[in-house]
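Next comes protein05.pdb, with PDB, C-alpha atoms.
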ATOM      1  CA  MET A   1       0.000   0.000   0.000  1.00  0.00           C
ATOM      2  CA  LYS A   2       1.266   3.459  -0.942  1.00  0.00           C
ATOM      3  CA  ALA A   3       1.481   6.374   1.480  1.00  0.00           C
ATOM      4  CA  ILE A   4       2.929   9.883   1.508  1.00  0.00           C
ATOM      5  CA  ILE A   5       4.831  12.002   4.025  1.00  0.00           C
ATOM      6  CA  LEU A   6       4.829  15.794   3.753  1.00  0.00           C
ATOM      7  CA  PHE A   7       8.144  16.746   5.318  1.00  0.00           C
ATOM      8  CA  GLY A   8       8.663  20.292   6.610  1.00  0.00           C
ATOM      9  CA  HIS A   9      11.317  22.171   8.540  1.00  0.00           C
ATOM     10  CA  GLY A  10       9.457  22.808  11.789  1.00  0.00           C
ATOM     11  CA  ALA A  11       9.497  25.943  13.964  1.00  0.00           C
ATOM     12  CA  ARG A  12       9.146  27.029  17.565  1.00  0.00           C
ATOM     13  CA  ASP A  13       5.813  28.786  17.017  1.00  0.00           C
ATOM     14  CA  SER A  14       3.093  26.144  16.835  1.00  0.00           C
ATOM     15  CA  ARG A  15       1.092  28.354  14.452  1.00  0.00           C
ATOM     16  CA  TRP A  16       3.835  27.820  11.873  1.00  0.00           C
ATOM     17  CA  ARG A  17       2.442  24.392  11.110  1.00  0.00           C
ATOM     18  CA  GLU A  18      -1.044  25.608  10.131  1.00  0.00           C
ATOM     19  CA  PRO A  19      -0.436  25.436   6.357  1.00  0.00           C
ATOM     20  CA  PHE A  20       1.002  21.956   6.829  1.00  0.00           C
ATOM     21  CA  ASP A  21      -2.155  20.849   8.600  1.00  0.00           C
ATOM     22  CA  ARG A  22      -4.173  22.366   5.757  1.00  0.00           C
ATOM     23  CA  LEU A  23      -1.984  20.521   3.245  1.00  0.00           C
ATOM     24  CA  ALA A  24      -2.640  17.203   4.975  1.00  0.00           C
ATOM     25  CA  GLY A  25      -6.358  18.003   5.092  1.00  0.00           C
ATOM     26  CA  LEU A  26      -6.421  18.761   1.365  1.00  0.00           C
ATOM     27  CA  TRP A  27      -4.595  15.516   0.698  1.00  0.00           C
ATOM     28  CA  ARG A  28      -7.039  13.465   2.761  1.00  0.00           C
ATOM     29  CA  ALA A  29     -10.026  15.090   1.065  1.00  0.00           C
ATOM     30  CA  GLN A  30      -8.663  14.405  -2.418  1.00  0.00           C
ATOM     31  CA  HIS A  31      -6.654  11.200  -2.031  1.00  0.00           C
ATOM     32  CA  ALA A  32      -8.464   9.297   0.692  1.00  0.00           C
ATOM     33  CA  ASP A  33      -6.975   5.976  -0.459  1.00  0.00           C
ATOM     34  CA  ILE A  34      -3.379   7.161   0.113  1.00  0.00           C
ATOM     35  CA  PRO A  35      -2.598   7.723   3.815  1.00  0.00           C
ATOM     36  CA  VAL A  36      -0.680  10.903   4.602  1.00  0.00           C
ATOM     37  CA  GLU A  37       1.414  11.981   7.569  1.00  0.00           C
ATOM     38  CA  LEU A  38       3.259  15.185   8.277  1.00  0.00           C
ATOM     39  CA  ALA A  39       6.851  14.991   9.532  1.00  0.00           C
ATOM     40  CA  PHE A  40       9.326  17.658  10.612  1.00  0.00           C
ATOM     41  CA  LEU A  41      13.091  18.043  10.573  1.00  0.00           C
ATOM     42  CA  GLU A  42      13.270  19.832  13.920  1.00  0.00           C
ATOM     43  CA  MET A  43      11.282  21.603  16.645  1.00  0.00           C
ATOM     44  CA  MET A  44       8.002  19.835  15.760  1.00  0.00           C
ATOM     45  CA  GLN A  45       6.604  16.338  15.986  1.00  0.00           C
ATOM     46  CA  PRO A  46       6.443  13.763  14.526  1.00  0.00           C
ATOM     47  CA  SER A  47       9.939  13.112  13.229  1.00  0.00           C
ATOM     48  CA  LEU A  48      10.431  11.428   9.863  1.00  0.00           C
ATOM     49  CA  GLU A  49      11.057   8.124  11.626  1.00  0.00           C
ATOM     50  CA  GLU A  50       7.892   8.453  13.701  1.00  0.00           C
ATOM     51  CA  ALA A  51       5.838   9.193  10.611  1.00  0.00           C
ATOM     52  CA  VAL A  52       7.290   6.193   8.769  1.00  0.00           C
ATOM     53  CA  ALA A  53       6.563   3.976  11.802  1.00  0.00           C
ATOM     54  CA  SER A  54       2.969   5.229  11.937  1.00  0.00           C
ATOM     55  CA  LEU A  55       2.323   4.608   8.241  1.00  0.00           C
ATOM     56  CA  ALA A  56       4.079   1.223   8.331  1.00  0.00           C
ATOM     57  CA  GLY A  57       1.914   0.255  11.302  1.00  0.00           C
ATOM     58  CA  GLY A  58      -1.111   1.086   9.188  1.00  0.00           C
ATOM     59  CA  GLY A  59       0.012  -1.253   6.428  1.00  0.00           C
ATOM     60  CA  ALA A  60       1.969   1.073   4.134  1.00  0.00           C
ATOM     61  CA  THR A  61       4.710  -0.631   2.113  1.00  0.00           C
ATOM     62  CA  GLN A  62       5.705   2.161  -0.317  1.00  0.00           C
ATOM     63  CA  ILE A  63       6.183   5.602   1.190  1.00  0.00           C
ATOM     64  CA  THR A  64       7.042   8.720  -0.810  1.00  0.00           C
ATOM     65  CA  VAL A  65       8.502  11.636   1.154  1.00  0.00           C
ATOM     66  CA  VAL A  66       7.778  15.097  -0.279  1.00  0.00           C
ATOM     67  CA  PRO A  67      10.054  17.817   1.137  1.00  0.00           C
ATOM     68  CA  VAL A  68       7.857  20.879   1.623  1.00  0.00           C
ATOM     69  CA  PHE A  69      10.778  23.277   1.313  1.00  0.00           C
ATOM     70  CA  PHE A  70      11.417  25.993  -1.251  1.00  0.00           C
ATOM     71  CA  GLY A  71      15.172  25.758  -1.638  1.00  0.00           C
ATOM     72  CA  GLN A  72      17.473  22.778  -1.521  1.00  0.00           C
ATOM     73  CA  GLY A  73      20.196  23.860   0.891  1.00  0.00           C
ATOM     74  CA  GLY A  74      21.995  22.112   3.687  1.00  0.00           C
ATOM     75  CA  HIS A  75      18.847  20.687   5.280  1.00  0.00           C
ATOM     76  CA  LEU A  76      17.822  18.823   2.151  1.00  0.00           C
ATOM     77  CA  ARG A  77      21.260  18.095   0.743  1.00  0.00           C
ATOM     78  CA  ASN A  78      22.892  16.953   3.991  1.00  0.00           C
ATOM     79  CA  ASP A  79      20.454  16.317   6.880  1.00  0.00           C
ATOM     80  CA  PHE A  80      17.546  14.784   4.974  1.00  0.00           C
ATOM     81  CA  PRO A  81      19.456  11.997   3.137  1.00  0.00           C
ATOM     82  CA  VAL A  82      20.909  10.864   6.479  1.00  0.00           C
ATOM     83  CA  LEU A  83      17.444  10.712   8.068  1.00  0.00           C
ATOM     84  CA  LEU A  84      16.071   8.864   5.053  1.00  0.00           C
ATOM     85  CA  GLU A  85      18.895   6.325   5.155  1.00  0.00           C
ATOM     86  CA  GLU A  86      18.343   5.776   8.877  1.00  0.00           C
ATOM     87  CA  CYS A  87      14.673   5.088   8.194  1.00  0.00           C
ATOM     88  CA  ARG A  88      15.581   2.629   5.447  1.00  0.00           C
ATOM     89  CA  GLY A  89      17.801   0.812   7.931  1.00  0.00           C
ATOM     90  CA  LYS A  90      15.079   0.677  10.568  1.00  0.00           C
ATOM     91  CA  PHE A  91      12.250  -0.253   8.182  1.00  0.00           C
ATOM     92  CA  PRO A  92      13.867  -2.623   5.670  1.00  0.00           C
ATOM     93  CA  ASP A  93      10.486  -3.893   4.427  1.00  0.00           C
ATOM     94  CA  ILE A  94       9.296  -0.404   3.471  1.00  0.00           C
ATOM     95  CA  GLN A  95      10.154   1.018   0.071  1.00  0.00           C
ATOM     96  CA  LEU A  96      11.073   4.612   0.889  1.00  0.00           C
ATOM     97  CA  SER A  97      11.577   7.216  -1.827  1.00  0.00           C
ATOM     98  CA  ALA A  98      11.783  11.000  -1.915  1.00  0.00           C
ATOM     99  CA  THR A  99      10.899  13.699  -4.409  1.00  0.00           C
ATOM    100  CA  PRO A 100      12.802  16.953  -4.970  1.00  0.00           C
ATOM    101  CA  ALA A 101      11.680  19.924  -2.871  1.00  0.00           C
ATOM    102  CA  VAL A 102       8.301  21.349  -3.860  1.00  0.00           C
ATOM    103  CA  GLY A 103      10.090  24.599  -4.738  1.00  0.00           C
ATOM    104  CA  GLU A 104      11.581  22.769  -7.730  1.00  0.00           C
ATOM    105  CA  ASP A 105       8.107  22.351  -9.224  1.00  0.00           C
ATOM    106  CA  LEU A 106       7.122  24.891 -11.861  1.00  0.00           C
ATOM    107  CA  ALA A 107       3.415  24.719 -11.000  1.00  0.00           C
ATOM    108  CA  VAL A 108       4.168  25.557  -7.359  1.00  0.00           C
ATOM    109  CA  LEU A 109       6.292  28.531  -8.443  1.00  0.00           C
ATOM    110  CA  GLN A 110       3.580  29.648 -10.857  1.00  0.00           C
ATOM    111  CA  ALA A 111       0.999  29.561  -8.057  1.00  0.00           C
ATOM    112  CA  ILE A 112       3.281  31.842  -6.021  1.00  0.00           C
ATOM    113  CA  VAL A 113       3.646  34.261  -8.954  1.00  0.00           C
ATOM    114  CA  ASP A 114      -0.142  34.279  -9.391  1.00  0.00           C
ATOM    115  CA  PHE A 115      -0.637  34.923  -5.674  1.00  0.00           C
ATOM    116  CA  GLY A 116       1.693  37.911  -5.870  1.00  0.00           C
ATOM    117  CA  ALA A 117       0.030  39.242  -9.010  1.00  0.00           C
ATOM    118  CA  GLY A 118      -3.372  38.952  -7.363  1.00  0.00           C
ATOM    119  CA  ALA A 119      -2.176  41.029  -4.418  1.00  0.00           C
ATOM    120  CA  LEU A 120      -1.046  44.090  -6.383  1.00  0.00           C
TER     121      LEU A 120
ATOM    122  CA  MET B   1       4.767  52.874 -10.147  1.00  0.00           C
ATOM    123  CA  LYS B   2       4.056  49.512  -8.574  1.00  0.00           C
ATOM    124  CA  ALA B   3       6.740  46.958  -7.777  1.00  0.00           C
ATOM    125  CA  ILE B   4       7.010  43.655  -5.915  1.00  0.00           C
ATOM    126  CA  ILE B   5       9.525  42.088  -3.550  1.00  0.00           C
ATOM    127  CA  LEU B   6       9.666  38.312  -3.103  1.00  0.00           C
ATOM    128  CA  PHE B   7      10.978  37.925   0.435  1.00  0.00           C
ATOM    129  CA  GLY B   8      12.572  34.627   1.489  1.00  0.00           C
ATOM    130  CA  HIS B   9      14.403  33.318   4.528  1.00  0.00           C
ATOM    131  CA  GLY B  10      17.881  32.848   3.051  1.00  0.00           C
ATOM    132  CA  ALA B  11      20.363  30.031   3.691  1.00  0.00           C
ATOM    133  CA  ARG B  12      24.088  29.368   3.813  1.00  0.00           C
ATOM    134  CA  ASP B  13      24.092  27.193   0.684  1.00  0.00           C
ATOM    135  CA  SER B  14      23.928  29.478  -2.355  1.00  0.00           C
ATOM    136  CA  ARG B  15      22.023  26.793  -4.294  1.00  0.00           C
ATOM    137  CA  TRP B  16      19.115  27.306  -1.881  1.00  0.00           C
ATOM    138  CA  ARG B  17      18.146  30.439  -3.756  1.00  0.00           C
ATOM    139  CA  GLU B  18      17.678  28.748  -7.134  1.00  0.00           C
ATOM    140  CA  PRO B  19      13.861  28.536  -6.894  1.00  0.00           C
ATOM    141  CA  PHE B  20      13.784  32.188  -5.855  1.00  0.00           C
ATOM    142  CA  ASP B  21      15.761  33.143  -8.940  1.00  0.00           C
ATOM    143  CA  ARG B  22      13.326  31.078 -11.021  1.00  0.00           C
ATOM    144  CA  LEU B  23      10.408  32.849  -9.318  1.00  0.00           C
ATOM    145  CA  ALA B  24      11.838  36.252 -10.198  1.00  0.00           C
ATOM    146  CA  GLY B  25      12.439  35.055 -13.770  1.00  0.00           C
ATOM    147  CA  LEU B  26       8.828  33.862 -14.085  1.00  0.00           C
ATOM    148  CA  TRP B  27       7.634  37.184 -12.737  1.00  0.00           C
ATOM    149  CA  ARG B  28       9.725  39.185 -15.208  1.00  0.00           C
ATOM    150  CA  ALA B  29       8.528  37.056 -18.127  1.00  0.00           C
ATOM    151  CA  GLN B  30       4.856  37.457 -17.190  1.00  0.00           C
ATOM    152  CA  HIS B  31       4.687  40.888 -15.554  1.00  0.00           C
ATOM    153  CA  ALA B  32       7.347  42.893 -17.342  1.00  0.00           C
ATOM    154  CA  ASP B  33       5.697  46.184 -16.383  1.00  0.00           C
ATOM    155  CA  ILE B  34       6.013  45.486 -12.625  1.00  0.00           C
ATOM    156  CA  PRO B  35       9.638  45.481 -11.431  1.00  0.00           C
ATOM    157  CA  VAL B  36      10.553  42.635  -9.076  1.00  0.00           C
ATOM    158  CA  GLU B  37      13.377  42.157  -6.600  1.00  0.00           C
ATOM    159  CA  LEU B  38      14.242  39.274  -4.315  1.00  0.00           C
ATOM    160  CA  ALA B  39      15.081  40.008  -0.674  1.00  0.00           C
ATOM    161  CA  PHE B  40      16.176  37.793   2.202  1.00  0.00           C
ATOM    162  CA  LEU B  41      15.771  37.821   5.962  1.00  0.00           C
ATOM    163  CA  GLU B  42      19.259  36.480   6.656  1.00  0.00           C
ATOM    164  CA  MET B  43      22.346  34.855   5.172  1.00  0.00           C
ATOM    165  CA  MET B  44      21.639  36.112   1.638  1.00  0.00           C
ATOM    166  CA  GLN B  45      21.624  39.434  -0.166  1.00  0.00           C
ATOM    167  CA  PRO B  46      19.925  41.774  -0.771  1.00  0.00           C
ATOM    168  CA  SER B  47      18.195  42.656   2.485  1.00  0.00           C
ATOM    169  CA  LEU B  48      14.640  43.972   2.458  1.00  0.00           C
ATOM    170  CA  GLU B  49      15.955  47.509   2.845  1.00  0.00           C
ATOM    171  CA  GLU B  50      18.389  47.086  -0.049  1.00  0.00           C
ATOM    172  CA  ALA B  51      15.618  45.748  -2.271  1.00  0.00           C
ATOM    173  CA  VAL B  52      13.321  48.659  -1.379  1.00  0.00           C
ATOM    174  CA  ALA B  53      16.147  51.114  -2.096  1.00  0.00           C
ATOM    175  CA  SER B  54      16.809  49.520  -5.460  1.00  0.00           C
ATOM    176  CA  LEU B  55      13.154  49.613  -6.523  1.00  0.00           C
ATOM    177  CA  ALA B  56      12.695  53.148  -5.195  1.00  0.00           C
ATOM    178  CA  GLY B  57      15.754  54.212  -7.166  1.00  0.00           C
ATOM    179  CA  GLY B  58      14.074  52.820 -10.274  1.00  0.00           C
ATOM    180  CA  GLY B  59      10.981  54.908  -9.688  1.00  0.00           C
ATOM    181  CA  ALA B  60       8.734  52.563  -7.700  1.00  0.00           C
ATOM    182  CA  THR B  61       6.272  54.303  -5.388  1.00  0.00           C
ATOM    183  CA  GLN B  62       4.058  51.373  -4.277  1.00  0.00           C
ATOM    184  CA  ILE B  63       5.875  48.197  -3.247  1.00  0.00           C
ATOM    185  CA  THR B  64       4.150  44.970  -2.210  1.00  0.00           C
ATOM    186  CA  VAL B  65       6.253  42.496  -0.234  1.00  0.00           C
ATOM    187  CA  VAL B  66       5.291  38.837  -0.659  1.00  0.00           C
ATOM    188  CA  PRO B  67       6.755  36.575   2.046  1.00  0.00           C
ATOM    189  CA  VAL B  68       7.790  33.365   0.298  1.00  0.00           C
ATOM    190  CA  PHE B  69       7.432  31.284   3.449  1.00  0.00           C
ATOM    191  CA  PHE B  70       5.130  28.371   4.168  1.00  0.00           C
ATOM    192  CA  GLY B  71       4.325  28.949   7.819  1.00  0.00           C
ATOM    193  CA  GLN B  72       3.870  32.155   9.737  1.00  0.00           C
ATOM    194  CA  GLY B  73       6.076  31.658  12.782  1.00  0.00           C
ATOM    195  CA  GLY B  74       8.458  33.930  14.622  1.00  0.00           C
ATOM    196  CA  HIS B  75      10.217  35.189  11.479  1.00  0.00           C
ATOM    197  CA  LEU B  76       7.027  36.556   9.944  1.00  0.00           C
ATOM    198  CA  ARG B  77       5.190  37.461  13.139  1.00  0.00           C
ATOM    199  CA  ASN B  78       8.097  39.170  14.903  1.00  0.00           C
ATOM    200  CA  ASP B  79      11.136  39.858  12.683  1.00  0.00           C
ATOM    201  CA  PHE B  80       9.395  40.830   9.452  1.00  0.00           C
ATOM    202  CA  PRO B  81       7.077  43.570  10.834  1.00  0.00           C
ATOM    203  CA  VAL B  82      10.102  45.248  12.431  1.00  0.00           C
ATOM    204  CA  LEU B  83      12.024  45.220   9.146  1.00  0.00           C
ATOM    205  CA  LEU B  84       8.996  46.524   7.280  1.00  0.00           C
ATOM    206  CA  GLU B  85       8.516  49.343   9.781  1.00  0.00           C
ATOM    207  CA  GLU B  86      12.203  50.279   9.508  1.00  0.00           C
ATOM    208  CA  CYS B  87      11.848  50.461   5.741  1.00  0.00           C
ATOM    209  CA  ARG B  88       8.762  52.654   6.082  1.00  0.00           C
ATOM    210  CA  GLY B  89      10.783  54.996   8.279  1.00  0.00           C
ATOM    211  CA  LYS B  90      13.658  55.151   5.811  1.00  0.00           C
ATOM    212  CA  PHE B  91      11.513  55.490   2.691  1.00  0.00           C
ATOM    213  CA  PRO B  92       8.601  57.691   3.767  1.00  0.00           C
ATOM    214  CA  ASP B  93       7.613  58.422   0.148  1.00  0.00           C
ATOM    215  CA  ILE B  94       7.156  54.739  -0.691  1.00  0.00           C
ATOM    216  CA  GLN B  95       3.842  53.025   0.016  1.00  0.00           C
ATOM    217  CA  LEU B  96       4.964  49.664   1.438  1.00  0.00           C
ATOM    218  CA  SER B  97       2.487  46.833   1.995  1.00  0.00           C
ATOM    219  CA  ALA B  98       2.807  43.117   2.646  1.00  0.00           C
ATOM    220  CA  THR B  99       0.730  40.051   1.855  1.00  0.00           C
ATOM    221  CA  PRO B 100       0.334  36.987   4.090  1.00  0.00           C
ATOM    222  CA  ALA B 101       2.841  34.188   3.534  1.00  0.00           C
ATOM    223  CA  VAL B 102       2.378  32.301   0.276  1.00  0.00           C
ATOM    224  CA  GLY B 103       1.666  29.172   2.349  1.00  0.00           C
ATOM    225  CA  GLU B 104      -1.632  30.773   3.328  1.00  0.00           C
ATOM    226  CA  ASP B 105      -2.799  30.634  -0.287  1.00  0.00           C
ATOM    227  CA  LEU B 106      -5.008  27.691  -1.200  1.00  0.00           C
ATOM    228  CA  ALA B 107      -3.783  27.561  -4.804  1.00  0.00           C
ATOM    229  CA  VAL B 108      -0.178  27.275  -3.615  1.00  0.00           C
ATOM    230  CA  LEU B 109      -1.141  24.438  -1.264  1.00  0.00           C
ATOM    231  CA  GLN B 110      -3.122  22.734  -4.038  1.00  0.00           C
ATOM    232  CA  ALA B 111      -0.090  22.885  -6.337  1.00  0.00           C
ATOM    233  CA  ILE B 112       1.928  21.128  -3.619  1.00  0.00           C
ATOM    234  CA  VAL B 113      -0.748  18.433  -3.234  1.00  0.00           C
ATOM    235  CA  ASP B 114      -0.766  17.921  -7.010  1.00  0.00           C
ATOM    236  CA  PHE B 115       3.030  17.713  -7.076  1.00  0.00           C
ATOM    237  CA  GLY B 116       2.911  14.976  -4.428  1.00  0.00           C
ATOM    238  CA  ALA B 117       0.137  13.100  -6.211  1.00  0.00           C
ATOM    239  CA  GLY B 118       2.083  13.213  -9.448  1.00  0.00           C
ATOM    240  CA  ALA B 119       5.109  11.667  -7.755  1.00  0.00           C
ATOM    241  CA  LEU B 120       3.393   8.517  -6.443  1.00  0.00           C
TER     242      LEU B 120
END
Give the structure from this file in structure tokens form.
Amino acid sequence: MKAIILFGHGARDSRWREPFDRLAGLWRAQHADIPVELAFLEMMQPSLEEAVASLAGGGATQITVVPVFFGQGGHLRNDFPVLLEECRGKFPDIQLSATPAVGEDLAVLQAIVDFGAGAL
Amino acid sequence: MKAIILFGHGARDSRWREPFDRLAGLWRAQHADIPVELAFLEMMQPSLEEAVASLAGGGATQITVVPVFFGQGGHLRNDFPVLLEECRGKFPDIQLSATPAVGEDLAVLQAIVDFGAGAL
């Protein structure tokens, strides 16, 4: 069974996660057959490993991790691959893959341009 | 004359800014009559003040700042209003406004959901 993890940075202010909760809600409303979990690099729960454990416990066997980051800097180039490899070691029966950051996607960038244009 | 600033967090790794450069390129291609500048909170140049100065020097009189952040945590709730107020003090002839973070926009979130769905 496929599943998806929306992976964000995390922040001290709990209100920071509101768009992530909305993202997960949109996903559940539109893709009810594909379980989704949020996960955070730091300062928020659950961790990537906790999210993988939760989805695996629910029967997921193929999990795609989507980094909800704009840029691919040190967090995604250095920290994230280590976390992903640790998860692969701890969950050898789960097929774990990752996409590029959402900021690499032209449609996401276009939506940002359109948001700005609509605000002028 | 209207202008826009796309305001991001910044990062140590210079490659982090690539999607921001693409954003500015998309803007210029689609809204050539509205000058655009990037600006960063930390670790990258230009600063918000430098971007405002540049646009003001080019004749802009109304500048909209679009925070290219997902969540609204401490950076946007605390740091950003202070920077914006400083800029208002330094450029009293410029009408400076700001939108919510792009992560508050449903179309941006939908584009992220669609990106994830397309990757499964």
I need the contact residues of chain B against chain A, so if you could list those with any atom within 8 Å, counting all atoms listed in the file, and return them as an NGL selection string, that would help. :B and (2 or 4 or 11-20 or 22-23 or 26-27 or 64 or 66 or 68 or 70-74 or 99 or 102-105 or 107-113 or 115-116 or 119-120)
For a test of reading the model, state the distance in Å between atom CA of B:Leu96 and atom CA of B:Met44, rounded to one decimal.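 Computing it gives 21.5 Å between the two atoms.
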Please write as a count of residues only the full residue list that the PyMOL selection byres ((chain B and resi 48) around 8) yields on this file. 13
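Taking atom CA of A:Glu85 and atom CA of A:Arg28 as the two end points, the separation is 27.0 Å.
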Rounded to one decimal place, report the atom CA of A:Ala53-atom CA of A:Arg88 distance in Å. 11.1 Å
Using only C-alpha atoms, can you tell me which of A:Glu86, A:Phe80, A:Leu38, A:Gln95 comes closest to A:Met1?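 Answer, going by the shortest atom-to-atom distance: A:Gln95.
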Rank nothing, just name the residue among B:Asp79, B:Gly118, B:Asp33, B:Thr61 nearest to B:Pro92, using only C-alpha atoms.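 The answer is B:Thr61, which sits nearest to B:Pro92.
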Give me the box for stretch 35-38 of chain A as lines of an AutoDock Vina configuration file, namely the centre and edge lengths in Å to one decimal of a box along x, y and z that holds every listed atom plus 8 Å on each side.
center_x = 0.3
center_y = 11.5
center_z = 6.0
size_x = 21.9
size_y = 23.5
size_z = 20.5
Excluding same-chain residues fewer than 4 positions from B:Leu55, what lies within 8 Å of it counting all atoms listed in the file, as a list in words?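 After dropping sequence-adjacent residues, the list is Ala3, Pro35, Val36, Glu37, Ala51, Gly59 and Ala60 of chain B.
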Please fill the gaps in stretch 12-34 of chain B so it has N, CA and C atoms, and write that as a PDB file, in the coordinates of the input.
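The result, stored in result09.pdb:
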ATOM      1  N   ARG B  12      22.639  29.323   4.042  1.00  0.00           N
ATOM      2  CA  ARG B  12      24.088  29.368   3.813  1.00  0.00           C
ATOM      3  C   ARG B  12      24.459  28.857   2.420  1.00  0.00           C
ATOM      4  N   ASP B  13      23.781  27.821   1.970  1.00  0.00           N
ATOM      5  CA  ASP B  13      24.092  27.193   0.684  1.00  0.00           C
ATOM      6  C   ASP B  13      23.510  28.043  -0.440  1.00  0.00           C
ATOM      7  N   SER B  14      24.385  28.555  -1.312  1.00  0.00           N
ATOM      8  CA  SER B  14      23.928  29.478  -2.355  1.00  0.00           C
ATOM      9  C   SER B  14      22.923  28.816  -3.297  1.00  0.00           C
ATOM     10  N   ARG B  15      22.964  27.483  -3.392  1.00  0.00           N
ATOM     11  CA  ARG B  15      22.023  26.793  -4.294  1.00  0.00           C
ATOM     12  C   ARG B  15      20.596  26.867  -3.779  1.00  0.00           C
ATOM     13  N   TRP B  16      20.454  27.193  -2.466  1.00  0.00           N
ATOM     14  CA  TRP B  16      19.115  27.306  -1.881  1.00  0.00           C
ATOM     15  C   TRP B  16      18.270  28.341  -2.602  1.00  0.00           C
ATOM     16  N   ARG B  17      18.916  29.350  -3.169  1.00  0.00           N
ATOM     17  CA  ARG B  17      18.146  30.439  -3.756  1.00  0.00           C
ATOM     18  C   ARG B  17      17.663  30.147  -5.174  1.00  0.00           C
ATOM     19  N   GLU B  18      18.022  29.024  -5.736  1.00  0.00           N
ATOM     20  CA  GLU B  18      17.678  28.748  -7.134  1.00  0.00           C
ATOM     21  C   GLU B  18      16.178  28.905  -7.424  1.00  0.00           C
ATOM     22  N   PRO B  19      15.287  28.342  -6.585  1.00  0.00           N
ATOM     23  CA  PRO B  19      13.861  28.536  -6.894  1.00  0.00           C
ATOM     24  C   PRO B  19      13.426  29.997  -6.783  1.00  0.00           C
ATOM     25  N   PHE B  20      14.114  30.765  -5.954  1.00  0.00           N
ATOM     26  CA  PHE B  20      13.784  32.188  -5.855  1.00  0.00           C
ATOM     27  C   PHE B  20      14.205  32.917  -7.131  1.00  0.00           C
ATOM     28  N   ASP B  21      15.349  32.546  -7.666  1.00  0.00           N
ATOM     29  CA  ASP B  21      15.761  33.143  -8.940  1.00  0.00           C
ATOM     30  C   ASP B  21      14.788  32.755 -10.055  1.00  0.00           C
ATOM     31  N   ARG B  22      14.313  31.506 -10.015  1.00  0.00           N
ATOM     32  CA  ARG B  22      13.326  31.078 -11.021  1.00  0.00           C
ATOM     33  C   ARG B  22      12.024  31.859 -10.851  1.00  0.00           C
ATOM     34  N   LEU B  23      11.617  32.065  -9.585  1.00  0.00           N
ATOM     35  CA  LEU B  23      10.408  32.849  -9.318  1.00  0.00           C
ATOM     36  C   LEU B  23      10.520  34.243  -9.924  1.00  0.00           C
ATOM     37  N   ALA B  24      11.652  34.897  -9.668  1.00  0.00           N
ATOM     38  CA  ALA B  24      11.838  36.252 -10.198  1.00  0.00           C
ATOM     39  C   ALA B  24      11.837  36.232 -11.723  1.00  0.00           C
ATOM     40  N   GLY B  25      12.430  35.183 -12.309  1.00  0.00           N
ATOM     41  CA  GLY B  25      12.439  35.055 -13.770  1.00  0.00           C
ATOM     42  C   GLY B  25      11.035  34.882 -14.327  1.00  0.00           C
ATOM     43  N   LEU B  26      10.227  34.042 -13.658  1.00  0.00           N
ATOM     44  CA  LEU B  26       8.828  33.862 -14.085  1.00  0.00           C
ATOM     45  C   LEU B  26       8.087  35.192 -14.012  1.00  0.00           C
ATOM     46  N   TRP B  27       8.321  35.900 -12.893  1.00  0.00           N
ATOM     47  CA  TRP B  27       7.634  37.184 -12.737  1.00  0.00           C
ATOM     48  C   TRP B  27       7.993  38.133 -13.881  1.00  0.00           C
ATOM     49  N   ARG B  28       9.288  38.247 -14.165  1.00  0.00           N
ATOM     50  CA  ARG B  28       9.725  39.185 -15.208  1.00  0.00           C
ATOM     51  C   ARG B  28       9.150  38.812 -16.575  1.00  0.00           C
ATOM     52  N   ALA B  29       9.044  37.503 -16.831  1.00  0.00           N
ATOM     53  CA  ALA B  29       8.528  37.056 -18.127  1.00  0.00           C
ATOM     54  C   ALA B  29       7.034  37.351 -18.260  1.00  0.00           C
ATOM     55  N   GLN B  30       6.320  37.355 -17.132  1.00  0.00           N
ATOM     56  CA  GLN B  30       4.856  37.457 -17.190  1.00  0.00           C
ATOM     57  C   GLN B  30       4.327  38.835 -16.790  1.00  0.00           C
ATOM     58  N   HIS B  31       5.134  39.585 -16.054  1.00  0.00           N
ATOM     59  CA  HIS B  31       4.687  40.888 -15.554  1.00  0.00           C
ATOM     60  C   HIS B  31       5.807  41.905 -15.753  1.00  0.00           C
ATOM     61  N   ALA B  32       6.166  42.083 -17.026  1.00  0.00           N
ATOM     62  CA  ALA B  32       7.347  42.893 -17.342  1.00  0.00           C
ATOM     63  C   ALA B  32       7.185  44.349 -16.913  1.00  0.00           C
ATOM     64  N   ASP B  33       5.941  44.782 -16.746  1.00  0.00           N
ATOM     65  CA  ASP B  33       5.697  46.184 -16.383  1.00  0.00           C
ATOM     66  C   ASP B  33       5.785  46.419 -14.878  1.00  0.00           C
ATOM     67  N   ILE B  34       5.927  45.350 -14.088  1.00  0.00           N
ATOM     68  CA  ILE B  34       6.013  45.486 -12.625  1.00  0.00           C
ATOM     69  C   ILE B  34       7.395  44.997 -12.190  1.00  0.00           C
TER      70      ILE B  34
END
